[in-house]
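Data block for input21.txt (compact mmCIF, C-alpha atoms and all ligand atoms):
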```txt
# COMPACT_ATOMS: atom_id res chain seq x y z
CA MET A 1 13.03 -3.41 -12.88
CA ALA A 2 9.48 -3.88 -11.75
CA GLU A 3 6.52 -2.22 -13.43
CA PHE A 4 3.65 -0.92 -11.37
CA ASN A 5 0.26 0.62 -11.86
CA ILE A 6 -2.22 2.14 -9.40
CA ILE A 7 -5.40 0.31 -10.37
CA VAL A 8 -7.70 1.83 -7.72
CA LYS A 9 -7.21 5.36 -6.51
CA GLY A 10 -7.57 5.37 -2.73
CA TYR A 11 -9.96 7.89 -1.22
CA ILE A 12 -11.57 8.97 2.04
CA LYS A 13 -14.92 10.72 1.75
CA ARG A 14 -16.68 11.95 4.86
CA TYR A 15 -20.42 12.31 5.20
CA LYS A 16 -22.55 13.20 8.17
CA GLY A 17 -22.25 10.19 10.44
CA SER A 18 -20.54 7.90 7.90
CA SER A 19 -17.59 7.59 5.53
CA LYS A 20 -16.71 6.03 2.21
CA ILE A 21 -13.16 4.76 2.04
CA THR A 22 -10.74 2.50 0.21
CA SER A 23 -6.95 2.31 -0.10
CA ASN A 24 -4.78 2.83 -3.14
CA CYS A 25 -4.47 -0.57 -4.81
CA VAL A 26 -1.28 -1.22 -6.78
CA TYR A 27 -0.52 -3.93 -9.31
CA ILE A 28 3.15 -4.89 -9.70
CA LYS A 29 4.74 -7.09 -12.32
CA THR A 30 8.38 -7.97 -11.75
CA LYS A 31 10.97 -8.93 -14.35
CA GLU A 32 11.27 -12.16 -12.38
CA GLY A 33 7.70 -12.91 -13.48
CA LEU A 34 5.80 -12.28 -10.25
CA LYS A 35 2.35 -10.72 -10.33
CA ILE A 36 1.46 -8.88 -7.16
CA ILE A 37 -1.43 -6.85 -5.78
CA VAL A 38 -0.78 -4.49 -2.87
CA ASP A 39 -3.67 -3.43 -0.60
CA PRO A 40 -6.81 -4.52 -2.49
CA GLY A 41 -8.93 -2.23 -0.31
CA MET A 42 -12.66 -2.46 0.44
CA ASP A 43 -14.43 -0.99 -2.60
CA LEU A 44 -15.31 -4.13 -4.57
CA LYS A 45 -16.80 -2.29 -7.54
CA ALA A 46 -13.72 -0.09 -7.91
CA LEU A 47 -11.37 -3.09 -7.59
CA MET A 48 -13.21 -5.17 -10.20
CA LYS A 49 -13.21 -2.18 -12.55
CA GLY A 50 -9.45 -1.64 -11.99
CA LEU A 51 -8.65 -5.30 -12.65
CA LYS A 52 -10.75 -5.37 -15.80
CA LYS A 53 -9.40 -2.11 -17.17
CA ASN A 54 -5.82 -3.34 -16.72
CA ARG A 55 -6.60 -6.84 -18.03
CA ILE A 56 -5.52 -8.47 -14.79
CA LYS A 57 -6.91 -11.91 -13.98
CA LYS A 58 -7.31 -12.33 -10.25
CA GLU A 59 -6.51 -16.07 -10.56
CA LYS A 60 -3.02 -15.19 -11.87
CA ILE A 61 -1.95 -13.09 -8.91
CA ASP A 62 0.90 -14.80 -7.00
CA TYR A 63 0.89 -12.60 -3.92
CA VAL A 64 -1.37 -10.08 -2.24
CA LEU A 65 0.77 -7.86 -0.02
CA LEU A 66 -0.85 -5.90 2.79
CA THR A 67 0.67 -2.83 4.41
CA HIS A 68 -1.45 -3.49 7.50
CA LEU A 69 -4.60 -5.30 8.50
CA HIS A 70 -7.12 -2.47 8.60
CA PRO A 71 -10.22 -3.38 6.56
CA ASP A 72 -9.98 -0.35 4.26
CA HIS A 73 -6.74 -1.96 2.94
CA ALA A 74 -7.19 -5.67 3.52
CA LEU A 75 -10.88 -6.58 3.25
CA LEU A 76 -10.87 -7.69 -0.40
CA SER A 77 -7.84 -10.03 -0.09
CA GLY A 78 -10.39 -12.83 -0.05
CA ILE A 79 -11.23 -12.50 -3.75
CA PHE A 80 -7.69 -13.63 -4.68
CA LYS A 81 -8.25 -17.27 -3.82
CA LYS A 82 -5.21 -18.63 -5.70
CA SER A 83 -2.80 -16.13 -4.10
CA LYS A 84 -0.70 -16.12 -0.99
CA ILE A 85 -1.56 -13.20 1.27
CA ILE A 86 1.38 -11.60 3.07
CA CYS A 87 1.52 -8.96 5.81
CA GLY A 88 5.15 -8.44 6.89
CA ASN A 89 6.62 -11.92 6.89
CA ILE A 90 3.47 -13.76 7.95
CA GLY A 91 1.44 -15.29 5.18
CA TRP A 92 -1.86 -17.07 4.64
CA ASP A 93 -3.44 -19.05 1.84
CA PHE A 94 -6.95 -20.33 1.22
CA ASN A 95 -6.13 -23.91 2.19
CA GLY A 96 -5.86 -23.12 5.88
CA ASN A 97 -2.11 -22.54 5.94
CA ILE A 98 -0.47 -19.83 8.00
CA GLY A 99 3.25 -19.26 8.53
CA LYS A 100 6.38 -17.36 7.72
CA ILE A 101 6.68 -16.43 4.06
CA GLU A 102 9.60 -14.55 2.56
CA LEU A 103 8.79 -12.76 -0.66
CA ASP A 104 11.40 -14.03 -3.10
CA SER A 105 12.12 -10.94 -5.20
CA LYS A 106 15.11 -8.69 -5.85
CA GLU A 107 12.84 -5.93 -7.15
CA ILE A 108 10.39 -5.67 -4.27
CA LYS A 109 11.23 -5.20 -0.61
CA ILE A 110 8.91 -5.31 2.39
CA ILE A 111 10.14 -3.17 5.27
CA GLU A 112 8.83 -2.55 8.77
CA THR A 113 7.27 0.88 9.23
CA PRO A 114 5.39 0.91 12.55
CA GLY A 115 3.57 3.94 13.91
CA HIS A 116 0.15 4.27 12.30
CA GLU A 117 -0.35 0.70 13.40
CA ARG A 118 1.85 -1.56 15.51
CA PHE A 119 2.28 -4.02 12.64
CA HIS A 120 2.67 -1.88 9.55
CA TYR A 121 4.85 -2.49 6.49
CA SER A 122 5.83 -0.57 3.38
CA ILE A 123 6.54 -2.01 -0.02
CA ILE A 124 9.55 -0.60 -1.88
CA ILE A 125 9.58 -1.02 -5.65
CA ASP A 126 12.73 -0.63 -7.71
CA SER A 127 11.17 0.96 -10.79
CA ILE A 128 12.21 2.86 -13.90
CA ILE A 129 11.31 6.22 -12.27
CA GLY A 130 13.34 5.42 -9.15
CA LYS A 131 12.45 3.92 -5.80
CA VAL A 132 8.73 4.00 -5.14
CA CYS A 133 7.25 3.40 -1.69
CA ILE A 134 3.77 2.01 -1.28
CA ALA A 135 3.49 3.58 2.13
CA GLY A 136 0.11 2.41 3.37
CA ASP A 137 -1.09 4.79 6.06
CA ILE A 138 2.31 6.26 6.89
CA TRP A 139 0.63 9.07 4.94
CA TRP A 140 -3.03 9.38 4.08
CA PHE A 141 -5.09 12.23 2.70
CA GLU A 142 -8.77 12.92 2.79
CA GLU A 143 -10.64 14.13 -0.27
CA LYS A 144 -10.04 17.86 -0.84
CA GLU A 145 -7.09 17.84 1.55
CA GLU A 146 -3.98 19.59 0.24
CA TYR A 147 -1.10 17.17 -0.18
CA LYS A 148 0.90 18.45 -3.11
CA ASN A 149 4.12 20.36 -2.60
CA LEU A 150 4.42 19.52 1.06
CA ASN A 151 7.97 20.12 2.23
CA LEU A 152 9.98 17.48 4.08
CA LYS A 153 9.13 18.85 7.52
CA ASP A 154 5.40 18.96 6.76
CA LEU A 155 5.59 15.39 5.53
CA LEU A 156 7.53 14.24 8.56
CA TYR A 157 5.13 15.74 11.10
CA LYS A 158 1.82 15.57 9.25
CA LYS A 159 -0.75 14.78 11.92
CA ASP A 160 -2.34 11.36 12.15
CA ASP A 161 -5.08 11.23 14.76
CA LYS A 162 -5.44 7.49 14.10
CA ALA A 163 -1.78 6.74 14.88
CA TYR A 164 -0.95 4.08 17.45
CA ASN A 165 2.45 5.66 18.21
CA PHE A 166 3.24 9.03 16.62
CA ALA A 167 6.98 9.03 17.54
CA LYS A 168 7.40 5.68 15.79
CA LEU A 169 5.44 6.99 12.83
CA VAL A 170 7.86 9.93 12.48
CA ASP A 171 10.82 7.51 12.59
CA SER A 172 9.25 5.38 9.87
CA ARG A 173 8.55 8.45 7.74
CA LYS A 174 12.18 9.58 8.12
CA LYS A 175 13.38 6.19 6.90
CA ILE A 176 11.10 6.28 3.83
CA LEU A 177 11.91 9.89 2.93
CA GLU A 178 15.63 9.04 2.88
CA MET A 179 15.16 5.85 0.90
CA CYS A 180 12.63 6.72 -1.81
CA ARG A 181 11.77 9.24 -4.48
CA TRP A 182 8.05 8.58 -4.92
CA ILE A 183 5.34 7.91 -2.35
CA ILE A 184 2.03 6.18 -2.91
CA PRO A 185 0.09 7.06 0.26
CA GLY A 186 -2.70 4.91 1.71
CA HIS A 187 -5.29 7.33 0.34
CA GLY A 188 -4.72 10.19 -2.11
CA GLU A 189 -2.43 10.70 -5.08
CA MET A 190 1.13 9.55 -5.57
CA PHE A 191 3.66 12.33 -5.03
CA GLU A 192 7.35 12.98 -5.54
CA ILE A 193 9.66 13.86 -2.68
CA ILE A 194 11.40 17.12 -3.43
CA LYS A 195 14.71 17.19 -1.53
ZN ZN B 201 -6.21 3.42 5.40
```
Same coordinates, now as structure tokens:
Amino acid sequence: MAEFNIIVKGYIKRYKGSSKITSNCVYIKTKEGLKIIVDPGMDLKALMKGLKKNRIKKEKIDYVLLTHLHPDHALLSGIFKKSKIICGNIGWDFNGNIGKIELDSKEIKIIETPGHERFHYSIIIDSIIGKVCIAGDIWWFEEKEEYKNLNLKDLLYKKDDKAYNFAKLVDSRKKILEMCRWIIPGHGEMFEIIK
């Protein structure tokens, strides 16, 4: 089973006329020996601190997986110059290559979860505490927003004024809620699904 660790806690802070924002960044190590970063975000200081604290060398990361291509999730992919960057099944490297890449792992799955964005993916980890979904912005919470103890209906229909297609988002949420026990949202703390 894969081990994972949230190395940057994703946040959204609003100020008058501006915001400060970065996504949850997760480090995964699989039994197969893969080292993976999901959604490096856009707070460089926080990411460097998270890598250092967890003794992760950015040169040793095999893959950077992106839930979607919004800058608050994807901007810092560029610091992982030895890695392959994957969003869905399209991948890039830093030698000019682009093409289809399948992530070769039995412990990690990438699934399509459109709605917040047309091209949006979730990462499912088979872990010791059960199935964990790195859900990107299928769910996101602003600072001070209440997100604990939401019931299934609240989770399913939680509003997303940034959504590209809300009906598709609800379908994606339904799929994840059936499949997983734990959710790591795009921004805000990990929570357990109480069924
Ligand atoms: Zn986001």
Contact check, chain A to ligand ZN 201 (chain B), at most 7 Å, counting only C-alpha atoms and all ligand atoms, closest pairs as a Markdown table:
```
| residue | atom | partner | partner_atom | distance |
| --- | --- | --- | --- | --- |
| A:Thr22 | CA | B:ZN201 | ZN | 7.0 |
| A:Ser23 | CA | B:ZN201 | ZN | 5.7 |
| A:His70 | CA | B:ZN201 | ZN | 6.8 |
| A:Asp72 | CA | B:ZN201 | ZN | 5.5 |
| A:His73 | CA | B:ZN201 | ZN | 5.9 |
| A:Gly136 | CA | B:ZN201 | ZN | 6.7 |
| A:Asp137 | CA | B:ZN201 | ZN | 5.3 |
| A:Trp140 | CA | B:ZN201 | ZN | 6.9 |
| A:Gly186 | CA | B:ZN201 | ZN | 5.3 |
| A:His187 | CA | B:ZN201 | ZN | 6.5 |
```
Using only C-alpha atoms, what table do you get, as a tab-separated table, when you list each residue of stretch 65-89 of chain A with an atom no more than 7 Å from stretch 28-44 of chain A, its nearest pair of atoms, and their distance in Å rounded to one decimal, rows by chain then rising number?
```
residue	atom	partner	partner_atom	distance
A:Leu65	CA	A:Val38	CA	4.7
A:Leu66	CA	A:Asp39	CA	5.1
A:Thr67	CA	A:Asp39	CA	6.7
A:Pro71	CA	A:Met42	CA	6.7
A:Asp72	CA	A:Gly41	CA	5.1
A:His73	CA	A:Gly41	CA	3.9
A:Ala74	CA	A:Gly41	CA	5.4
A:Leu75	CA	A:Met42	CA	5.3
A:Leu76	CA	A:Pro40	CA	5.6
A:Ser77	CA	A:Pro40	CA	6.1
```
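Of the residues under consideration (A:Asp93, A:Leu150, A:Val8, A:Ser18), A:Val8 shows the shortest atom-to-atom contact distance to A:Lys53 when counting only C-alpha atoms.
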Pairwise distance for atom CA of A:Phe119 and atom CA of A:Trp92, rounded to one decimal in Å
15.9 Å
Closest of A:Asn151, A:Ser83, A:Asn89, A:Ser122 to A:Ile183 - atom-to-atom distances counting all atoms listed in the file:
A:Ser122
Which residues are close to stretch 48-51 of chain A, i.e. within 10 Å by only C-alpha atoms, leaving aside same-chain residues fewer than 2 positions away? Reply as a ChimeraX atom specification.
/A:5-9,25-27,43-46,53-58,79
Distance query A:Cys133 at most 8 Å, all atoms listed in the file, self and fewer than 5 positions along chain excluded, as a list of chain:residue names
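The neighbour list is A:Ser122, A:Ile123, A:Ile124, A:Ile125, A:Ile176, A:Cys180, A:Arg181, A:Trp182, A:Ile183, A:Ile184.
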For the residues in that selection, give me C-alpha atoms as a CSV table (one decimal), in the frame of the given file.
```
chain,number,residue,atom,x,y,z
A,122,SER,CA,5.8,-0.6,3.4
A,123,ILE,CA,6.5,-2.0,0.0
A,124,ILE,CA,9.6,-0.6,-1.9
A,125,ILE,CA,9.6,-1.0,-5.6
A,176,ILE,CA,11.1,6.3,3.8
A,180,CYS,CA,12.6,6.7,-1.8
A,181,ARG,CA,11.8,9.2,-4.5
A,182,TRP,CA,8.0,8.6,-4.9
A,183,ILE,CA,5.3,7.9,-2.4
A,184,ILE,CA,2.0,6.2,-2.9
```
